[in-house]
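Accompanying notes for the structure given below.
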Amino acid sequence: MNLMNLNPVVAATLIQRRQVARQVSRSERFVDQIGKLAAQLKLPVDKVAAEALKGLEEIVTVQSPAFAAMFDYGLGPLHTRAWTVDADLDALAKLKQLNETNALVYLPTHRSYADAFILSRLLRDNGLKRNHILGGNNLGFWPLGTIIRRSGGILIRRSFQDDEIYKLVVREYLAWLAAQRRNLEWYMEGGRSRTGKLRPPKYGLLSYLVSAIESGGADDMLLVPVSTTYDQMHEVGRMAAEEAGAAKAKENLLWLAGYARTQQKLIGSAYVRFGEPLSLKEALARADADGPGKWTVAKIAFEVFQRINRVTPVTAPALVTLALLGVRDRALTLGEVHELVLPLLDYADARGLPSSHLDELRSPEGVELTLATLKDSGVVSRYDAGTEVVFAIEPGQHSVAAFYRNSAVHWFINRAILEVALLDTSQEELTGPLERAWQSAFALRDLLKFDFFFSDKATYREEQKSESRMFDAKFRQKAVTAEGRRGILLNSPFLIAHRVLTPFIEAYFIVADRLAAQPVDAKIDKKKLTEECVSVGRQYVMQKRLSSPECVSREVFANALSLAANRDLLKPGAPDLAKRRQDFADELASVVQRLAAIEQLDEARRAPAPEVPSERLIELQESASA
């Protein structure tokens with residue numbers, strides 16, 4: 001595009017945006033909502049209307065072909081050239097057909113700044129309509145903000161909890177777009193995941209669409225779950241540093257130039273998968289049939305995230321980092337890594353998990369190739385000056401490796417919990433051993449419910465029954481005796497609880513430990529407590545009191561605090577608060593010990609000359625229960 005023509009185009013699109021703002025502000029619905037809000041706030045209608053129009057002019061967008069070309073062919077390659085894109089083209093064809101009669105709301109995972117550019121390119125190349133993408137106004141700097149706002153992007157304030165007028169503006173603009181059957185897109189996680197797995201959803205924007213449908217402002221929209229997974233990401237190192245305490249880089253023109261430079265090097269594939277679309281209107285009707293309640297929006301968001309998890313593929317880097325992170329700081333030979341990965345491949349095949357290029361890992365050469373790509377990006381070190389070549393996580397890169405592992409960790413969470421439940425009941429003969437195992441499994445599910453998207457209790461029980469049959473075809477017959485339960489663990493082709501659960505449980509323990517140290521009559525400052533958890537967590541890892549460096553995670557600390565709040569452990573002056581906080585810390589310490597016992601058992605099982613494994617298992621279980 002000729003730069004001499006830029007100013008007239010900018011001026012024209014600015015006029016168009018103002019025209020759209022006025023069109024929305026003069027609609028019958030908007031005028032009615034302004035009147036109601038003015039009465040609620042006890043402010044003059046004219047003042048509320050003027051402030052609302054100002055907000056509308058700030059957020060409304062247009063889809064200018066010239067600026068759309070800048071977004072697609074200028075900014076797009078700067079962000080996406082690090083990957084080849086592997087997409088589900090059949091699903092895209094079905095979405096194109098659905099879009100002929102339905103407005104679509106794409107709800108993707110958020111891992112990278114490249115997410116929006118990759119999805120936009122896929123939609124364009126496959127003949128689908130362009131989305132109106134909602135994002136934070138931290139990206140509103142020139143020239144990025146200028147291009148985004150004129151190519152369909154809607155940049156809103158990062159926080160507006162207390163601004164009722166601005167909330168109305170965002171809600172009614174989305175309702176207006178929904179009524180126009182425009183396609184929408186936003187990240188329900190609220191920001192990029194720092195851990196590599198789904199963050200808890202933010203409900204605000206979804207609640208606005210629900211309100212629009214319930215009030216008759218829009219008919220229906222189809223929610224489209226989207227999973228974008230990367231083999232590797234150039235930016236993940238910076239995100240991991242922020243998780244561990246580093247300041248977040250400020251987005252500006254200099255930042256954009258630096259980001260573009262890092263994207264020059266090809267680093268693998270980006271996998272885009274689409275979950276089963278969900279009719280928002282039908283979901284609301286089902287919720288009403290079950291009984292209306294304040295959790296309707298949360299249940300819909302939860303269902304969307306479960307559908308995302310169901311289509312998220314297991315990648316080769318995820319399995320290789322899962323193997324390397326489960327041996328603390330010990331280096332492994334290529335054969336040892338291959339030996340750890342093979343049963344995981346069999347498990348993925350048996351369960352029919354979505355995957356990509358995993359068959360390559362069945363040969364040592366394929367494992368070595370994945371290790372080489374991780375070495376090239378500084379995540380894995382290779383030492384070949386001795387008698388054998390060995391590989392390990394590079395010092396300081398555990399959180400980066402964990403990011404790749406965590407993209408697939410949800411596929412192994414039920415198996416990991418079942419292993420702990422078996423350990424808990426393997427010491428002695430119990431009355432109703434299976435029921436005792438269920439209690440253990442549900443207790444762990446409750447501990448981790450703010451980090452993982454578990455099914456409802458009845459479905460979860462069925463999932464665990466299916467998992468138990470994969471553990472052993474005769475699980476039910478064998479599990480009735482302590483010896484049988486020990487045998488199930490000892491004869492399993494792999495144990496994974498310590499690899500999957502330990503970093504999360506250790507992070508929760510840090511929070512519980514520091515929470516127990518707080519005065520019971522003082523209000524909890526979550527930000528200050530989180531900083532204390534970062535500092536003390538680093539200390540505990542350095543002292544080897546905890547085994548996973550990646551457990552020092554602000555994101556996981558936040559989820560642990562949500563659990564503490566759910567258990568009424570944050571409010572000062574609550575009954576027996578000191579005791580209940582200490583009980584919480586003791587509960588987490590116990591799980592940490594049980595996971596360590598499974599780790600030791602796994603090491604003993606795989607040793608060349610295992611030490612009487614059954615007796616060793618009893619010893620480990622007794623130690624964990626002490």
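Each chain in the structure tokens gets a letter, A, B and so on, in the order shown; residues start at 1 in every chain, and ligands are counted from 1 in the order they appear.
All residues of stretch 28-148 of chain A that DSSP, run on the backbone, classes as strand (DSSP E or B) are Gln63, Trp83, Thr84, Val85, Asp86, Ala87, Leu104, Val105, Tyr106, Leu107, Pro108, His132, Ile133, Leu134, Gly135 and Gly136 of chain A.
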Using DSSP on the backbone, list every residue of stretch 124-172 of chain A that comes out as helix (DSSP H, G or I), and give them as a list in words.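 The helix (DSSP H, G or I) residues within stretch 124-172 of chain A come out as Arg124, Asp125, Asn137, Asn138, Leu139, Leu144, Gly145, Thr146, Ile147, Ile148, Arg149, Glu164, Ile165, Tyr166, Lys167, Leu168, Val169, Val170, Arg171 and Glu172 of chain A.
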Show me, as JSON lines, the residues of stretch 104-167 of chain A having an atom within 9 Å of stretch 246-270 of chain A, each with the closest atom pair and its distance in Å, using only C-alpha atoms.
{"residue": "A:Ile118", "atom": "CA", "partner": "A:Ala270", "partner_atom": "CA", "distance": 8.5}
{"residue": "A:Asn138", "atom": "CA", "partner": "A:Glu251", "partner_atom": "CA", "distance": 6.6}
{"residue": "A:Leu139", "atom": "CA", "partner": "A:Glu251", "partner_atom": "CA", "distance": 6.6}
{"residue": "A:Gly140", "atom": "CA", "partner": "A:Asn252", "partner_atom": "CA", "distance": 8.8}
{"residue": "A:Phe141", "atom": "CA", "partner": "A:Asn252", "partner_atom": "CA", "distance": 6.1}
{"residue": "A:Trp142", "atom": "CA", "partner": "A:Leu253", "partner_atom": "CA", "distance": 7.1}
{"residue": "A:Pro143", "atom": "CA", "partner": "A:Leu253", "partner_atom": "CA", "distance": 7.7}
{"residue": "A:Leu144", "atom": "CA", "partner": "A:Leu253", "partner_atom": "CA", "distance": 8.1}
Next, write the just-selected residues to a file, as a compact mmCIF listing (two decimals), in the first residue's frame, keeping N, CA, C and O atoms as the atom set.
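Output contents, as saved in selection_31.txt:
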# COMPACT_ATOMS: atom_id res chain seq x y z
N ILE A 118 -2.73 -16.68 13.24
CA ILE A 118 -2.82 -18.03 12.67
C ILE A 118 -4.27 -18.38 12.35
O ILE A 118 -4.58 -18.87 11.26
N ASN A 138 -3.97 -2.85 25.69
CA ASN A 138 -2.51 -2.77 25.80
C ASN A 138 -1.85 -2.94 24.44
O ASN A 138 -0.67 -2.62 24.26
N LEU A 139 -2.60 -3.45 23.45
CA LEU A 139 -2.10 -3.58 22.09
C LEU A 139 -2.53 -2.41 21.22
O LEU A 139 -2.43 -2.46 19.99
N GLY A 140 -3.00 -1.33 21.84
CA GLY A 140 -3.52 -0.20 21.09
C GLY A 140 -2.47 0.80 20.64
O GLY A 140 -2.81 1.84 20.07
N PHE A 141 -1.19 0.51 20.87
CA PHE A 141 -0.14 1.45 20.47
C PHE A 141 0.00 1.48 18.94
O PHE A 141 -0.32 0.52 18.25
N TRP A 142 0.49 2.64 18.43
CA TRP A 142 0.70 2.78 16.99
C TRP A 142 1.91 1.98 16.55
O TRP A 142 2.92 1.94 17.27
N PRO A 143 1.88 1.32 15.38
CA PRO A 143 0.77 1.27 14.43
C PRO A 143 -0.16 0.08 14.65
O PRO A 143 -1.14 -0.08 13.94
N LEU A 144 0.18 -0.77 15.63
CA LEU A 144 -0.58 -2.00 15.81
C LEU A 144 -2.05 -1.71 16.09
O LEU A 144 -2.94 -2.30 15.46
Go through A:Ala283, A:Ile148, A:Ile156, A:Leu122 one by one, measure the shortest atom-to-atom distance of each to A:Ala298 using only C-alpha atoms, and give the residue with the smallest value.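 Ranking A:Ala283, A:Ile148, A:Ile156, A:Leu122 by distance to A:Ala298, first place goes to A:Ala283.
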Shell of 12 Å around A:Ile154, only C-alpha atoms, local chain residues under 2 positions omitted, as a PyMOL selection string: chain A and resi 17+55-63+131-140+145-152+156-157+170+173-174+177+184-186
